[in-house]
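What follows is one structure encoded as C-alpha cells, with my remarks underneath.
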Amino acid sequence: MKTRYFEYFIGPQHPGVTGNMSYHLWARGDEIVKMEPSVGYLHRGFEKLMEQREWIKNVPMVPRICVPEPDVNEILYAMGVEELAGITPPERAQYIRVLVLEMARMAAYLFYFGGVAGALGLYTIPQWTIGDRDYILDRFEELTGGRIYHIYIQPGGVRRDIPEGFRERVLKLMDYLERRLKDYDRLMFYNAVVEKRTKGVGVIEKEYALQMGVTGPNLRASGYPADVRKDDPYLVYDRLEFDVPITGDGDIYSRMLQRRLEFEESIKIVRQVLESIPEGPIMVKLPHPLEWKVPQGDVYVKVESSKGEYGYYIVSDGGVKPYRIHVRGPSMPHCFQAAKEKIVGMRIADVPVMIFSLDICPPDIER
Amino acid sequence: MSVKSLFSPLDAIKFLFKKPHTVRVPYEKKEPATRYRGVHVNDWEKCIGCGNCARICTCQAITMVPIDTIEPKPGTTNLRPQVDYGRCSFCGQCVDICPTGSLKLSTEYLIVSPNREDYVFIPNLNRDSGPGTGWESDIETHLLKFDKEEMPERLPEERKKDFDPVILGFADEQAVVEGYRCLGCALCVDGCPTHMFIPEYIEKIREAKYKDALDIFFKNNPLPEICGIVCTHNCEDACIYSWRGQPVQIRYLKGFGASKVGNYGEVIKVDKEKKIGKRVAVIGAGPAGLTLAFYLRKYGIEVIIYEAYPEPGGMMRYGIPRYRLPEKVLRKEIEFIKSTGVEIKFNTKVGREIKLKELLQEYDAVFIGVGFHRGLTMRIPGEDAVGVIQAADFLRDVSMGKEVKIGKRVIVVGGGDVAMDASRTALRLGAEEVIIMYRRRWVDMPAHEEEKREAKDEGVIFMTQTLPVEIVKNEDGSIKVVKYVKTRMVDRGGRRPEPVPIEDEVYEMEADTVIQAIGQRADYSLLNEEFKGKIQLDERGTRIIVDENGMTSVEGLFAGGDVVNRRGDIVSAIADARKAARGILKYLGVR
Amino acid sequence: MGIEGKIVEDIVKRFGDKVRAEVQRERRVKFYIDPINIKPLLYYLKEKGFIHLSSISCVDWIKENQFELVYHLWSYEDKVHLMVKTKISRENPEMETMIPVFPVAETYEREIYEMFGVSFPGNPNLKPLFLEDWDGPPPMRKDFDTRAYVREKYGMIDLTEILRQGMDKIKGVRDEDEIL
C-alpha cells in the first residue's frame with residue numbers, strides 16, 4: 001500500500017481558522033500540494049431573507065452578515081437605499097457615520113493582530129488586543145446601545161445623537177491607543193520570531209493581486225495604492241486628510257505592517273472628525289415606515305472595509321420590499337483564488353498564518 | 001528591526017503596577033451604558049394596544065395578547081405585546097415606532113432560568129432601570145412624523161368680512177404626505193360612530209385612486225364631503241398620533257378625496273326606478289333622514305321625506321354657517337341623494353300640514369329625524385326684550401337670506417359650537433363688537449378647540465366666568481343694559497366644576513342684541529296627545545328611546561339623530577340612520 | 001464630458017448599436033448587451049484598464065421569464081465602475097464562462113450556478129459551494145418559497161399565521177352584517 005498524499009482537514013472548529021470554515025489540505029511530507037476551502041457552515045441565506053422584508057425591517061438584520069465589523073453592512077444598506085430614493089442625510093449624520101466606521105475599522109484591526117499572532121503561537125498579543133478592543137466596544141455601547149451589533153445607521157441618518165462627554169472619552173481613548181501601539185510594535189513587529197516566520201513567506205505579487213481581485217490592505221501590501229475612500233469617495237472622506245500607506249513586499253509581514261500603519265491613519269481621521277463635526281439634525285424621517293415604496297432602479301455602492309472592498313448591489317422594482325440585494329464580500333477572491341493558489345508549496349505550519357494574514361472572514365463569503 | 005539593547009526587556013516593569021483591565025479582583029460588576037438595549041419594559045397604562053410594535057418587528061418576536069383585566073378606554077384595545085426572547089434581536093425598532101412611548105428597552109439584560117417558558121412573557125414595568133436609562137422613545141428620533149401638514153386657510157382679517165369658505169383645501173402633494181402618515185393600525189375605526197373603513201380609504205387617497213375611495217366612503221357614509229369639512233372627528237381623537245403629537249387629518253383627507261370626484265353617479269350606482277312595493281316616510285331632511293333615504297333606496301324602497309323648511313339639509317344648512325360649509329358642497333351631495341329617487345316635500349311640517357297618525361297608516365314605516373331646532377332660554381328677568389334672540393333662529397334666518405338687524409354690540413351667551421357660529425356670523429353681518437359670555441372657564445368650554453381659536457382670531461371677545469342675571473329694558477322694549485355677575489369655580493370631583501355666582505358685585509353692559517346659545521331641544525309638537533302615552537322618552541322628556549334596531553316603543557315608528565343620541569353631530573346622525581335602516585329592512589322583511 | 005462620457009463614446013464607437021450605454025452618475029456607467037457579444041466586450045474592457053471584476057450578480061426577473069447577469073468591473077486608473085448587463089432566458093439558462101478573461105470569475109459563477117441554476121459550460125469547477133446535501137430547486141429563484149419548503153420538510157409551525165390572527169383582533173369593527 002502506498003500513500004501519495006496526506007490529507008488534512010483543518011475543520012470548522014479549530015484555532016487555526018478565522019471563523020467557521022474548513023480547509024482540505026493535501027500534503028507531501030511537510031509541503032502542501034493542494035488546498036480546497038470548504039465553506040457553507042455559516043450560510044444563513046441573507047439575500048433571500050432580505051427580499052421578504054420591508055425596507056426598514058432589513059436594518060436590524062443587515063449587520064449580522066459580517067461579524068467582526070458589522071457597521072460596514074449597515075452603512076452600505078443605508079447608502080444604497082438613500083441613493084435609490086433620493087434622500088440626502090444631514091451633515092452631522094455623515095460625520096457621525098465616519099466616526100463609527102473608523103472606530104469599527106480599528107476594532108477589526110485589533111482583532112486581526114490577535115488572530116495572526118495567535119496563529120504564530122504568540123498568545124500574549126491576542127490577550128492584549130482583545131482587551132484593548134473592549135475599550136472601543138465600550139464607546140460603541142455608549143453611543144449606540146449595543147456592543148457588537150450596533151443597528152445604529154439607518155437610511156436617512158443615524159438613530160441617536162452623541163451623548164454628553166462622549167467626545168472627550170473618545171479622544172482619551174485615541175491617546176491611549178496611540179501609546180499602546182508602541183508596545184505592540186515592540187512585541188509584534190520588532191520580534192525576531194515573527195520576522196523569521198513571516199518575511200518572505202506567502203508572497204502575493206502586485207500583478208497577481210490586481211488580476212485576482214485582491215483588494216483592501218492586502219492589495220496595498222502588495223504595492224498598489226488603491227483605497228475606495230480615495231478613489232470613489234463616499235460620506236465626507238473627501239474633506240478629511242489622511243494618507244494611504246503602502247508596504248510593497250506582499251508577504252505576510254507586509255500585510256501585518258500595512259494594517260499597523262493604517263491604524264494610525266484611522267486615529268488621525270477620528271481626531272479630525274471630532275474636531276470638525278457640525279451641529280444640526282441627525283436624521284431625515286422616512287415617509288412611512290412600513291408602506292414606503294422606493295423608486296425603481298438599481299445601484300452599486302461600495303466602501304473600504306478593514307478587509308477590502310465591500311459592495312452591495314441593490315435592485316428595486318418600486319415596491320415595499322427589495323427585489324434583489326447582492327452582497328459582494330471581500331473575502332471570496334482572497335480565499336478561493338489567492339489563498340488557494342499561493343498556499344501550494346508552503347509548509348503546513350504556515351498555512352494558518354497565511355489564512356489569518358489575508359483576513360479571510362467566512363461570514364461575508366457565505367452571508 | 002532587532003532587539004535594541006540588553007536592558008530593553010526591563011521596560012516591562014511599567015506593567016508591574018498597572019491595574020488589570022479585564023477582570024478585577026475583588027469583583028466589580030460592569031455597569032451597562034446609559035443607552036444599553038436590554039429587555040422590554042411596557043407601561044400598561046400608557047400602552048394603547050395598537051400593535052405597531054408587532055408589525056415592525058423583523059424577527060416576528062412580538063405577538064399581541066388580550067389581557068382580561070384591562071378595561072379598554074375608547075380608542076384603545078386590551079391587547080398588550082408579548083415578547084419571545086428566543087427571537088428578539090434587541091434592535092429597538094419597536095420602541096422607535098411606539099406612538100405613545102410606553103414601550104422601552106431597559107438596561108437590564110439578565111434572564112436566567114432552566115424553563116423555556118420563562119423566556120416568553122408580557123413585559124410590564126418590572127424590569128425597569130429608571131427614567132432616562134435604556135433605549136427610550138423620543139419625538140425627534142422617532143420613525144413617525146408627529147407634525148401634521150397645515151391646512152391652508154384664509155387670514156382672519158380678510159375672512160371675517162364675507163361668507164366665503166375659510167378652509168382652502170389641501171394641495172395634492174400635501175394630501176400624499178399626510179396620507180402617508182397613516183400607519184394602518186385601524187384604532188380610529190372604533191372611534192368613528194359609523195365605523196368608516198379609514199385606513200383603506202386613506203390608502204386609496206394617497207395613491208390618487210379617488211373613485212375607489214368614494215366607493216369605500218359610501219359603504220358607511222353618503223355625505224363624505226360634508227363630513228370631510230365639518231365633522232367633529234372622533235376618529236382623529238382616537239388616532240395613535242393624538243397622544244403625543246397631532247393626529248392624521250382624516251377629516252380633511254376625506255374631504256379632499258370626495259372633492260376630487262365630480263359626479264358621484266359614475267361610481268355609486270343606485271337604480272332610480274327600482275320599486276319593490278314598500279314605502280317609508282321620513283320626517284326631516286337632515287343628515288339622518290337623507291342617509292336613511294339613501295340606504296333604503298339601494299333596496300328599492302320608496303322614500304318620501306317631509307321637510308318643514310324650504311330647503312333640505314337640516315342643521316347642516318340652517319345651523320352651520322356658509323363660511324364653514326359652502327353651499328355648493330351641500331348642493332352636490334344632497335342632489336346626488338335626491339337623484340337616487342328620493343322625493344322631498346318641502347314646507348310640509350308633520351303635525352301642521354299632515355298628522356303623524358296618517359303617516360303611520362299610509363306608509364309601511366316612519367322615521368323621525370327632526371333634530372333640535374328649538375333653543376333654550378336663560379330664564380332671567382327681561383329676556384322678553386326686543387333684541388334677545390335664540391341662536392338657532394338667528395342662524396336659520398341668516399341662512400335663509402332674511403335680513404337681520406343686530407346693531408353694533410352683540411352679546412352671545414353660551415360656550416358651545418353654536419355660540420361660536422353665532423358670534424362669527426354676527427361679525428360678518430357688521431357688528432362692531434361681539435362678546436361671548438360664558439359662565440365657566442375657557443378650558444371648560446364644550447366647543448371644539450379649532451372653533452374657539454378661529455373665533456378668537458377673528459376678534460370675538462371672550463368673557464369667561466361671566467353670568468348674565470338680568471336684562472333691563474327701555475320704554476320701547478329694546479335692551480338698555482345687561483346686568484351680569486362673575487362666578488367662581490367649585491370643584492365637584494370628576495365632573496365639570498360648578499359655577500357659583502359672586503352675588504356682591506353686579507356689573508352692567510350696554511348691548512343692542514343678546515343671542516342665547518345655551519342649548520337646544522326638539523320640537524315634539526308632532527307627537528300630539530295620541531302618542532304622549534305610547535312613545536317612550538327619557539326621564540327629562542328630551543330624547544326618544546330606541547332599541548338596537550332604531551325602533552321606538554311604537555310599532556313601525558323609528559327615530560334617529562339629535563332626538564336620540566347624546567353627541568349631537570352629523571356623523572352620529574348618520575350612524576343612527578344606518579342602524580335604523582337595518583332595523584327597517586328587518587322589520588319589513590326585506591333583509 | 002467627464003471620463004464616464006469618454007468611456008461610453010469609446011465603447012459605442014467600437015461596438016455600435018450592439019451595446020446601449022447609460023451614465024447613472026459620476027463613476028457609475030451601465031452597458032446593456034446581448035449574451036453573444038458579451039465576451040468580446042469584456043475582452044475589450046479589460047484591455048482598456050478594467051482589470052478588476054468585483055462580482056457577478058444574477059437577478060431573477062420571473063415576470064419577464066429572464067435572468068439578468070450583471071458583471072461589475074472597476075478600473076483602477078480611470079476610477080469608474082461599470083455594470084455590464086445581459087439577459088438570458090429562464091428556461092435552461094446558460095452563459096459561457098468568463099474564466100479566460102477574468103480568472104476570478106470561477107467562484108462567482110460557481111455560486112450563481114448553485115443559487116440560480118444557471119450553468120456555465122467551460123467552467124471546470126461547478127461543484128456545490130455553500131449547500132450540502134441540498135435536494136430542492138435553486139434557492140434564490142423567485143418561485144422557491146422558503147416557508148413552504150420548511151413546512152414540508154420539517155413540519156414546523158409557521159409563525160406568520162399566528163401573528164396575522166393576533167393583528168386581526170385589533171382591526172376595529174368589521175362586522176360585515178353592518179354593510180348595506
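Letters A, B, ... mark the chains of the C-alpha cells in the order given; residue numbers begin at 1 per chain; ligand numbers begin at 1, in order shown.
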Within 8 Å of chain B: residues of chain A, using only C-alpha atoms, as a JSON list (two decimals) with N, CA and C atoms, in the first residue's frame:
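That gives us result_34.json:
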```json
[["chain", "number", "residue", "atom", "x", "y", "z"],
["A", 53, "ARG", "N", -38.62, 41.09, 3.44],
["A", 53, "ARG", "CA", -38.94, 42.05, 4.47],
["A", 53, "ARG", "C", -38.97, 43.44, 3.88],
["A", 57, "LYS", "N", -37.38, 47.04, 7.73],
["A", 57, "LYS", "CA", -37.20, 45.88, 8.59],
["A", 57, "LYS", "C", -35.88, 45.19, 8.33],
["A", 58, "ASN", "N", -35.20, 45.54, 7.24],
["A", 58, "ASN", "CA", -33.91, 44.91, 7.00],
["A", 58, "ASN", "C", -32.81, 45.52, 7.83],
["A", 60, "PRO", "N", -32.25, 45.90, 11.13],
["A", 60, "PRO", "CA", -31.62, 45.12, 12.20],
["A", 60, "PRO", "C", -30.97, 43.84, 11.71],
["A", 61, "MET", "N", -31.32, 43.40, 10.49],
["A", 61, "MET", "CA", -30.78, 42.12, 10.03],
["A", 61, "MET", "C", -29.43, 42.27, 9.39],
["A", 131, "GLY", "N", -8.36, 42.82, 24.89],
["A", 131, "GLY", "CA", -8.61, 43.72, 26.00],
["A", 131, "GLY", "C", -8.75, 45.17, 25.54],
["A", 138, "ASP", "N", -16.74, 49.57, 24.47],
["A", 138, "ASP", "CA", -17.42, 50.37, 25.49],
["A", 138, "ASP", "C", -17.90, 51.68, 24.91],
["A", 141, "GLU", "N", -20.92, 51.04, 22.95],
["A", 141, "GLU", "CA", -22.09, 50.78, 23.79],
["A", 141, "GLU", "C", -22.69, 52.09, 24.25],
["A", 142, "GLU", "N", -21.80, 53.06, 24.54],
["A", 142, "GLU", "CA", -22.33, 54.34, 24.99],
["A", 142, "GLU", "C", -23.03, 55.09, 23.87],
["A", 143, "LEU", "N", -22.53, 54.96, 22.66],
["A", 143, "LEU", "CA", -23.12, 55.73, 21.57],
["A", 143, "LEU", "C", -24.35, 55.06, 21.01],
["A", 144, "THR", "N", -24.29, 53.74, 20.80],
["A", 144, "THR", "CA", -25.36, 53.10, 20.05],
["A", 144, "THR", "C", -26.25, 52.19, 20.86],
["A", 145, "GLY", "N", -25.80, 51.79, 22.04],
["A", 145, "GLY", "CA", -26.66, 50.92, 22.82],
["A", 145, "GLY", "C", -26.36, 49.44, 22.67],
["A", 146, "GLY", "N", -25.42, 49.10, 21.80],
["A", 146, "GLY", "CA", -25.09, 47.69, 21.66],
["A", 146, "GLY", "C", -23.59, 47.59, 21.46],
["A", 151, "ILE", "N", -26.72, 48.39, 15.05],
["A", 151, "ILE", "CA", -28.03, 48.75, 14.50],
["A", 151, "ILE", "C", -28.26, 50.24, 14.70],
["A", 159, "ARG", "N", -29.47, 56.85, 14.33],
["A", 159, "ARG", "CA", -30.66, 56.76, 15.15],
["A", 159, "ARG", "C", -30.65, 57.65, 16.38],
["A", 160, "ARG", "N", -29.50, 57.89, 16.98],
["A", 160, "ARG", "CA", -29.49, 58.73, 18.17],
["A", 160, "ARG", "C", -28.29, 59.66, 18.09],
["A", 189, "PHE", "N", 6.22, 43.55, 16.02],
["A", 189, "PHE", "CA", 6.94, 43.83, 14.79],
["A", 189, "PHE", "C", 8.44, 43.82, 14.93],
["A", 190, "TYR", "N", 8.96, 44.15, 16.11],
["A", 190, "TYR", "CA", 10.42, 44.09, 16.28],
["A", 190, "TYR", "C", 10.79, 42.76, 16.90],
["A", 191, "ASN", "N", 10.05, 41.73, 16.53],
["A", 191, "ASN", "CA", 10.16, 40.42, 17.18],
["A", 191, "ASN", "C", 10.84, 39.49, 16.20],
["A", 192, "ALA", "N", 11.96, 38.90, 16.62],
["A", 192, "ALA", "CA", 12.74, 38.10, 15.69],
["A", 192, "ALA", "C", 12.00, 36.88, 15.21],
["A", 283, "MET", "N", -31.18, 63.01, 11.54],
["A", 283, "MET", "CA", -31.84, 62.09, 10.65],
["A", 283, "MET", "C", -32.93, 62.78, 9.85],
["A", 285, "LYS", "N", -36.64, 61.94, 8.32],
["A", 285, "LYS", "CA", -37.65, 60.91, 8.56],
["A", 285, "LYS", "C", -38.15, 60.34, 7.24],
["A", 286, "LEU", "N", -38.38, 59.04, 7.24],
["A", 286, "LEU", "CA", -38.90, 58.40, 6.04],
["A", 286, "LEU", "C", -40.40, 58.62, 5.98],
["A", 287, "PRO", "N", -41.01, 58.59, 4.79],
["A", 287, "PRO", "CA", -42.44, 58.90, 4.70],
["A", 287, "PRO", "C", -43.30, 57.97, 5.55],
["A", 288, "HIS", "N", -43.06, 56.70, 5.48],
["A", 288, "HIS", "CA", -43.95, 55.77, 6.19],
["A", 288, "HIS", "C", -43.13, 54.54, 6.46],
["A", 289, "PRO", "N", -42.96, 54.12, 7.69],
["A", 289, "PRO", "CA", -42.01, 53.02, 7.92],
["A", 289, "PRO", "C", -42.37, 51.73, 7.21],
["A", 290, "LEU", "N", -43.67, 51.39, 7.12],
["A", 290, "LEU", "CA", -43.99, 50.06, 6.63],
["A", 290, "LEU", "C", -44.46, 50.05, 5.19]]
```
Among segment 260-436 of chain B, which residues does DSSP mark as alpha helix (DSSP H) when it is run on the backbone? Keep the chain and numbering as in the structure and answer as a PyMOL selection string.
chain B and resi 287-298+315-318+327-339+356-362+391-400+417-428
Emit the selected residues as an mmCIF file, in the first residue's frame, including C-alpha atoms.
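In the end it all went to again_12.cif:
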```
data_model
loop_
_atom_site.group_PDB
_atom_site.id
_atom_site.type_symbol
_atom_site.label_atom_id
_atom_site.label_comp_id
_atom_site.auth_asym_id
_atom_site.auth_seq_id
_atom_site.Cartn_x
_atom_site.Cartn_y
_atom_site.Cartn_z
ATOM 1 C CA PRO B 287 -78.352 64.155 7.790
ATOM 2 C CA ALA B 288 -80.283 61.338 9.487
ATOM 3 C CA GLY B 289 -83.185 61.497 7.087
ATOM 4 C CA LEU B 290 -81.060 61.776 3.954
ATOM 5 C CA THR B 291 -78.819 58.886 4.990
ATOM 6 C CA LEU B 292 -81.778 56.647 5.739
ATOM 7 C CA ALA B 293 -83.334 57.569 2.404
ATOM 8 C CA PHE B 294 -80.157 56.665 0.508
ATOM 9 C CA TYR B 295 -79.712 53.267 2.115
ATOM 10 C CA LEU B 296 -83.370 52.368 1.717
ATOM 11 C CA ARG B 297 -83.301 53.407 -1.943
ATOM 12 C CA LYS B 298 -80.483 50.910 -2.532
ATOM 13 C CA MET B 315 -78.845 71.583 10.759
ATOM 14 C CA MET B 316 -76.240 71.291 8.025
ATOM 15 C CA ARG B 317 -77.846 74.191 6.248
ATOM 16 C CA TYR B 318 -79.691 76.046 8.990
ATOM 17 C CA GLU B 327 -73.374 75.977 -0.453
ATOM 18 C CA LYS B 328 -72.003 74.076 -3.415
ATOM 19 C CA VAL B 329 -70.868 71.147 -1.288
ATOM 20 C CA LEU B 330 -74.297 70.886 0.349
ATOM 21 C CA ARG B 331 -75.983 71.028 -3.000
ATOM 22 C CA LYS B 332 -73.706 68.449 -4.640
ATOM 23 C CA GLU B 333 -74.245 65.791 -2.009
ATOM 24 C CA ILE B 334 -77.944 66.371 -1.417
ATOM 25 C CA GLU B 335 -78.652 66.455 -5.159
ATOM 26 C CA PHE B 336 -76.917 63.105 -5.518
ATOM 27 C CA ILE B 337 -79.123 61.555 -2.841
ATOM 28 C CA LYS B 338 -82.200 63.035 -4.497
ATOM 29 C CA SER B 339 -81.057 61.596 -7.804
ATOM 30 C CA LEU B 356 -98.176 61.544 12.287
ATOM 31 C CA LYS B 357 -101.059 59.124 12.647
ATOM 32 C CA GLU B 358 -101.868 59.423 8.947
ATOM 33 C CA LEU B 359 -98.256 58.738 8.050
ATOM 34 C CA LEU B 360 -98.225 55.610 10.167
ATOM 35 C CA GLN B 361 -101.342 54.390 8.384
ATOM 36 C CA GLU B 362 -100.264 55.249 4.867
ATOM 37 C CA ALA B 391 -79.007 81.416 18.224
ATOM 38 C CA ALA B 392 -80.859 78.670 16.364
ATOM 39 C CA ASP B 393 -83.396 81.174 14.977
ATOM 40 C CA PHE B 394 -80.675 83.699 14.199
ATOM 41 C CA LEU B 395 -78.570 81.266 12.218
ATOM 42 C CA ARG B 396 -81.619 79.909 10.422
ATOM 43 C CA ASP B 397 -82.749 83.378 9.355
ATOM 44 C CA VAL B 398 -79.281 84.261 8.085
ATOM 45 C CA SER B 399 -79.078 81.000 6.127
ATOM 46 C CA MET B 400 -82.481 81.671 4.576
ATOM 47 C CA ASP B 417 -70.022 75.387 18.827
ATOM 48 C CA VAL B 418 -73.353 77.145 18.217
ATOM 49 C CA ALA B 419 -72.182 80.144 20.239
ATOM 50 C CA MET B 420 -69.016 80.314 18.149
ATOM 51 C CA ASP B 421 -71.036 80.126 14.944
ATOM 52 C CA ALA B 422 -73.443 82.806 16.125
ATOM 53 C CA SER B 423 -70.714 85.202 17.183
ATOM 54 C CA ARG B 424 -68.738 84.825 13.964
ATOM 55 C CA THR B 425 -71.895 85.264 11.896
ATOM 56 C CA ALA B 426 -72.675 88.427 13.855
ATOM 57 C CA LEU B 427 -69.233 89.801 12.958
ATOM 58 C CA ARG B 428 -69.849 89.109 9.329
#
```
Selected residue, from A:Val170, A:Leu187, A:Val273, A:Ile56, that lies nearest to Tyr77 of chain A when counting only C-alpha atoms
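Closest residue, counting only C-alpha atoms: A:Ile56.
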By how many Å are atom CA of Arg239 of chain A and atom CA of Val284 of chain A apart?
22.2 Å
Find the residues in chain C near chain A: any atom within 6 Å counts, using only C-alpha atoms. Write them as a list in words.
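Written out as asked, the residues are His52, Val104 and Phe130 of chain C.
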Show me a table, sorted first by chain and then by increasing residue number, of the residues of chain B having an atom at most 8 Å from chain C, each with its shortest atom pair and the distance in Å to one decimal, counting only C-alpha atoms and written as a tab-separated table.
```
residue	atom	partner	partner_atom	distance
B:Gly49	CA	C:Ile170	CA	7.9
B:Cys50	CA	C:Ile170	CA	6.9
B:Gly51	CA	C:Met167	CA	6.8
B:Gln60	CA	C:Leu159	CA	7.7
B:Thr63	CA	C:Leu163	CA	6.1
B:Met64	CA	C:Gly166	CA	5.6
B:Val65	CA	C:Gly166	CA	7.1
B:Thr77	CA	C:Ile170	CA	7.1
B:Leu79	CA	C:Ile170	CA	7.9
B:Cys185	CA	C:Lys171	CA	6.8
B:Ala186	CA	C:Lys171	CA	5.4
B:Leu187	CA	C:Gly172	CA	6.2
B:Cys188	CA	C:Gly172	CA	7.8
B:Val189	CA	C:Gly172	CA	5.6
B:Asp190	CA	C:Gly172	CA	5.5
B:His195	CA	C:Val173	CA	6.8
B:Lys219	CA	C:Ile179	CA	6.3
B:Asn220	CA	C:Ile179	CA	7.1
B:Tyr295	CA	C:Leu180	CA	6.9
B:Arg582	CA	C:Leu180	CA	7.6
```
Distance query Ser89 of chain C at most 9 Å, only C-alpha atoms, self and fewer than 4 positions along chain excluded, as a short mmCIF file (atom, residue, chain, number, x, y, z; two decimals) with C-alpha atoms, in the first residue's frame:
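Once everything was written out, this is around-v1.cif:
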```cif
data_model
loop_
_atom_site.label_atom_id
_atom_site.label_comp_id
_atom_site.auth_asym_id
_atom_site.auth_seq_id
_atom_site.Cartn_x
_atom_site.Cartn_y
_atom_site.Cartn_z
CA ASN C 65 -39.09 34.97 -17.75
CA GLN C 66 -35.47 36.05 -17.84
CA PHE C 67 -32.37 36.05 -15.71
CA GLU C 68 -30.21 39.13 -15.77
CA PRO C 93 -30.33 29.16 -18.56
CA GLU C 94 -26.80 29.08 -19.81
#
```
Extract, using only C-alpha atoms, all DNA, RNA and protein residues at most 6 Å from Val158 of chain A, discarding same-chain residues fewer than 4 positions from it, and format them as a ChimeraX atom specification.
/A:93,152-154,283
Just want the 9 Å neighbourhood of segment 584-587 of chain B, counted on only C-alpha atoms, with same-chain residues fewer than 3 positions away dropped. Output as a VMD selection string.
chain B and resid 280 296 299 365 549 to 551 556 558 579 to 581 590 to 591
What separation in Å, quoted to one decimal, exists between atom CA of Tyr184 of chain A and atom CA of Phe113 of chain A?
9.2 Å
Distance query Glu168 of chain A at most 10 Å, only C-alpha atoms, self and fewer than 5 positions along chain excluded, as a PDB file with C-alpha atoms, in the first residue's frame:
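Final file, part24.pdb:
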```pdb
ATOM      1  CA  LEU A 173      -9.138  56.543  24.063  1.00  0.00           C
ATOM      2  CA  MET A 174      -7.273  57.603  20.935  1.00  0.00           C
ATOM      3  CA  LEU A 274     -14.419  65.025  16.391  1.00  0.00           C
TER       4      LEU A 274
END
```
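Interatomic distance, atom CA of Phe121 of chain B to atom CA of Pro66 of chain B: 12.9 Å.
Residue nearest Pro100 of chain C within the list C:Gly136, C:Pro128, C:Pro40, C:Gly16: C:Pro40 [criterion: smallest interatomic distance, only C-alpha atoms].
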Who sits within 6 Å of Val434 of chain B, only C-alpha atoms, same chain under 5 positions skipped, as a PyMOL selection string
chain B and resi 409-411+460
Taking N, CA and C atoms for each residue, export the selection above as a compact mmCIF listing (two decimals), in the first residue's frame.
```
# COMPACT_ATOMS: atom_id res chain seq x y z
N ARG B 409 -73.31 96.35 19.13
CA ARG B 409 -72.67 95.45 20.08
C ARG B 409 -73.57 94.26 20.32
N VAL B 410 -72.99 93.08 20.16
CA VAL B 410 -73.78 91.85 20.29
C VAL B 410 -73.17 91.03 21.41
N ILE B 411 -74.06 90.57 22.32
CA ILE B 411 -73.57 89.66 23.37
C ILE B 411 -74.12 88.29 23.07
N VAL B 460 -63.45 88.00 18.18
CA VAL B 460 -64.53 87.88 19.15
C VAL B 460 -63.92 88.00 20.55
```
Any chance you could list, as a ChimeraX atom specification, the residues in segment 313-364 of chain A that come up strand (DSSP E) when DSSP is run on the backbone?
/A:313-316,324-328
